[in-house]
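Engineer: Handing you this structure, nothing more for now.
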Amino acid sequence: LALGRPALSGAQATEGAAAAPHRRFEYKYSFKGPHLVQADGTVPFWVHTGNAIPSADQIRITTSLKSQKGSVWTKNKSIFEYWEVEVTFRVTGRGRIGADGLAIWFTEEQGLEGPVFGAADKWNGVGIFFDSFDNDGKKNNPGVIVVGNNGKLLYDHQNDGSTQALASCQRDFRNKPYPVRVKITYYQKTLTVLINNGFTPDKEDYEFCAKVEDMVLPSQGYFGISAATGGLADDHDVLSFLTFQLTEPGKEAPTPDAEIPQKDKEKYQEEFEHFQQELDKKKEEFQREHPDVQGQPGKLFELFFNDAFETVSDRELRQIFEGQNRIHLEIKQLNRQLDMILDEQRKYVSAVTEEIAKRGAGIPGQQGQVSQQEIEMVVKTQEEVIRQVKEIRNSVTEALRSISGAQHPGSAGVYETTQHFNDIKEHLHVVKRDIEHLVQRNMPSSEKQKCPELPPFPSCLSTVHFFIFVAVQTVLFIGYVMYR
């Protein structure tokens with residue numbers, strides 16, 4: 001008997017594994033980032049209402065403002081009997097407590113807007129409520145509540161739905177380091193709620209929250225998620241909503257044709273025929289425009305490929321042409337800058353020469369001779385600079401002319417021109433420094449600049465005033481802390 005027990009346990013495990021339902025992902029009832037929103041701001045297969053704001057990686061159902069309501073719902077009803085949804089969301093706020101909460105729905109009709117966490121009341125189906133605010137004062141919030149409705153009951157908001165709850169658990173889902181994950185399974189008339197509190201990055205770290213047996217839900221319905229704020233406010237962000245169809249073992253899943261209603265099938269068939277006619281017209285027009293490629297699909301593909309893509313040689317030629325254009329523009333700009341420098345240099349040399357000649361004429365003796373020698377040296381240096389600038393200008397003009405007719409970029413010429421230009425700039429700085437030194441030496445002592453006198457310093461703060469200021473600041477700080 002002892003040897004037979006392990007074999008029996010293994011058989012039971014195999015039977016339990018075989019009884020697990022088959023899961024199939026339903027993309028028309030799901031959304032997940034990134035690239036969640038289309039160009040027109042809508043979410044594929046979903047509709048959002050109220051204050052909901054879709055973005056690239058999430059849907060913000062409500063912002064942290066007072067009296068906000070929002071929701072998102074599937075556009076089409078589900079046509080499968082059993083299902084499982086995995087929802088990832090964040091509820092964040094600055095306060096210690098938040099309001100009002102978030103709800104996940106499966107209802108016979110869309111509850112686009114209403115008083116129950118942003119959705120309509122008197123729903124036919126089930127709502128899983130993540131209630132943040134303690135309305136009844138029992139200190140059992142934040143909590144998760146499962147509430148069913150047959151389309152006739154009003155939600156007991158003042159008592160947090162405790163009089164109508166089919167199952168509940170107390171979980172804090174606000175301001176968690178990781179997104180909170182919820183897995184809701186409806187299989188063989190049993191609803192199970194598992195929750196990941198968001199303390200760890202492990203996506204499969206679920207804990208049991210609630211279970212409702214013998215629960216009858218509509219065979220077809222809409223999935224939705226809504227949220228609302230009141231006097232207090234939180235950000236309610238939904239990162240993903242993944243829906244799976246559950247099929248019993250041994251039972252074949254419905255074929256894709258069976259999942260599409262007859263009215264939609266007729267509409268899709270009409271659209272397909274319309275597109276087929278348009279395609280035939282395009283083919284006829286193309287054959288009339290290109291009679292030489294009829295009956296040659298390889299040539300047709302080659303023609304399309306050549307029009308749509310560029311070859312390696314074409315790409316190299318395009319890059320060379322773009323490089324030549326950039327070099328051409330750079331040399332033009334350099335030529336204009338050299339012209340400006342040459343004009344400024346001429347004006348500067350003439351002005352400095354006249355000023356130093358005037359000052360040197362009134363200084364007798366050896367000092368005047370030294371000044372005259374220095375002036376001659378400066379003038380010769382300036383003439384040499386002007387001559388070099390003229391040579392560089394001529395070389396730049398020749399390079400520009402050669403680049404215009406060349407078929408390859410001349411990067412070496414540009415580099416040499418840049419080097420010459422940097423040498424001229426350094427030489428001009430040296431000349432300017434020498435001229436300023438000469439002007440300072442030849443300036444009379446009476447005309448030399450003197451440092452300005454500093455204004456008198458203001459009187460310092462007295463000790464009494466300082467202590468009074470510190471005391472006032474301390475009182476204000478303590479009052480602010482007590483107020484917070």
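Numbering starts fresh at 1 for the residues of each chain in the structure tokens, the chains themselves are lettered A, B, ... in the order given, and ligands are numbered from 1 as they appear.
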Name the residues of region 165-327 of chain A that come out as helix (DSSP H, G or I) in a backbone DSSP run; write them as a PyMOL selection string.
Structural biologist: chain A and resi 256-259+262-289+291-293+297-308+312-327
Engineer: Could you pull the residues within 8 Å of Leu102 (chain A), counting only C-alpha atoms, minus those fewer than 2 positions along the same chain, as a PDB file with C-alpha atoms, in the first residue's frame?
Structural biologist:
```
ATOM      1  CA  ASP A 100     -12.600  56.989  -4.550  1.00  0.00           C
ATOM      2  CA  ILE A 104     -13.032  46.190 -13.284  1.00  0.00           C
ATOM      3  CA  PHE A 117     -16.543  54.365  -9.554  1.00  0.00           C
ATOM      4  CA  PHE A 129     -14.088  47.224  -6.887  1.00  0.00           C
ATOM      5  CA  PHE A 130     -10.774  48.502  -5.534  1.00  0.00           C
ATOM      6  CA  ASP A 131     -12.173  50.917  -2.965  1.00  0.00           C
ATOM      7  CA  ILE A 225     -12.356  49.442 -16.272  1.00  0.00           C
ATOM      8  CA  SER A 226     -13.363  52.704 -14.612  1.00  0.00           C
ATOM      9  CA  ALA A 227     -12.279  55.020 -11.812  1.00  0.00           C
ATOM     10  CA  ALA A 228     -13.474  58.086  -9.933  1.00  0.00           C
ATOM     11  CA  HIS A 236      -5.510  55.802 -11.565  1.00  0.00           C
TER      12      HIS A 236
END
```
Engineer: Please report the interatomic distance between CA of Glu278 (chain A) and CA of His290 (chain A) in Å with one decimal.
Structural biologist: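 Computing the Euclidean distance for CA of Glu278 (chain A) and CA of His290 (chain A) yields 18.3 Å.
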Engineer: My list of candidates is A:Val91, A:Ile184, A:Ala20, A:Ala119. Which is closest to Trp73 (chain A) when distances are computed with only C-alpha atoms?
Structural biologist: A:Ala119
Engineer: So that I can see what lies close to Ser168 (chain A), please list as an MDAnalysis selection string the residues with an atom at most 7 Å from it, counting only C-alpha atoms and leaving out residues fewer than 2 positions away in the same chain.
Structural biologist: chainID A and resid 144:146 165 170 210
Engineer: Keeping all heavy atoms for every residue in the selection just given, could you write it to a file as a compact mmCIF listing (two decimals), in the first residue's frame?
Structural biologist:
```
# COMPACT_ATOMS: atom_id res chain seq x y z
N VAL A 144 -10.73 45.15 -1.59
CA VAL A 144 -11.21 44.61 -2.87
C VAL A 144 -12.56 43.96 -2.60
O VAL A 144 -12.68 43.09 -1.72
CB VAL A 144 -10.22 43.60 -3.46
CG1 VAL A 144 -10.70 43.11 -4.81
CG2 VAL A 144 -8.83 44.21 -3.57
N ILE A 145 -13.59 44.36 -3.36
CA ILE A 145 -14.95 43.88 -3.15
C ILE A 145 -15.51 43.36 -4.46
O ILE A 145 -15.36 44.01 -5.51
CB ILE A 145 -15.85 45.02 -2.61
CG1 ILE A 145 -15.23 45.66 -1.38
CG2 ILE A 145 -17.24 44.51 -2.30
CD1 ILE A 145 -15.91 46.94 -0.95
N VAL A 146 -16.13 42.19 -4.43
CA VAL A 146 -16.79 41.60 -5.59
C VAL A 146 -18.29 41.79 -5.42
O VAL A 146 -18.88 41.30 -4.44
CB VAL A 146 -16.45 40.10 -5.74
CG1 VAL A 146 -17.14 39.52 -6.97
CG2 VAL A 146 -14.94 39.92 -5.84
N ALA A 165 -21.82 42.70 -1.06
CA ALA A 165 -20.59 42.03 -1.47
C ALA A 165 -20.76 40.51 -1.46
O ALA A 165 -21.26 39.94 -0.48
CB ALA A 165 -19.44 42.43 -0.56
N GLN A 170 -9.09 42.54 2.20
CA GLN A 170 -8.49 43.84 2.51
C GLN A 170 -7.05 43.85 2.00
O GLN A 170 -6.21 43.10 2.48
CB GLN A 170 -8.54 44.11 4.01
CG GLN A 170 -8.14 45.53 4.38
CD GLN A 170 -8.40 45.83 5.85
OE1 GLN A 170 -9.00 45.01 6.56
NE2 GLN A 170 -7.98 46.99 6.31
N ALA A 210 -10.27 36.49 -3.28
CA ALA A 210 -11.70 36.22 -3.14
C ALA A 210 -12.11 35.12 -4.11
O ALA A 210 -11.47 34.91 -5.14
CB ALA A 210 -12.53 37.49 -3.38
```
Engineer: Kindly indicate which residue among A:Gly98, A:Gly33, A:Pro21, A:Gly70 lies nearest to Pro249 (chain A), using only C-alpha atoms for the distances.
Structural biologist: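 Closest to Pro249 (chain A) of all the choices is A:Pro21.
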Engineer: Between A:Leu154, A:Ile341, A:Ile195, A:Ala19, which has the minimum distance to Arg171 (chain A) (counting only C-alpha atoms)?
Structural biologist: A:Ile195
Engineer: Closest to Arg24 (chain A) among A:Val147, A:Met215, A:Leu242, A:Leu334, using only C-alpha atoms?
Structural biologist: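 Residue with the minimum atom-to-atom distance to Arg24 (chain A): A:Leu242.
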Engineer: Which residue gives the smallest distance to Thr49 (chain A) among A:Asn135, A:Lys122, A:Val85, A:Gly224, with only C-alpha atoms counted?
Structural biologist: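 Ranking A:Asn135, A:Lys122, A:Val85, A:Gly224 by distance to Thr49 (chain A), first place goes to A:Gly224.
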Engineer: Of the candidates A:Thr190, A:Phe223, A:Glu213, A:Asn159, which one gets nearest to Glu108 (chain A) if we count only C-alpha atoms?
Structural biologist: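 When distances to Glu108 (chain A) are compared using only C-alpha atoms, the smallest one comes from A:Phe223.
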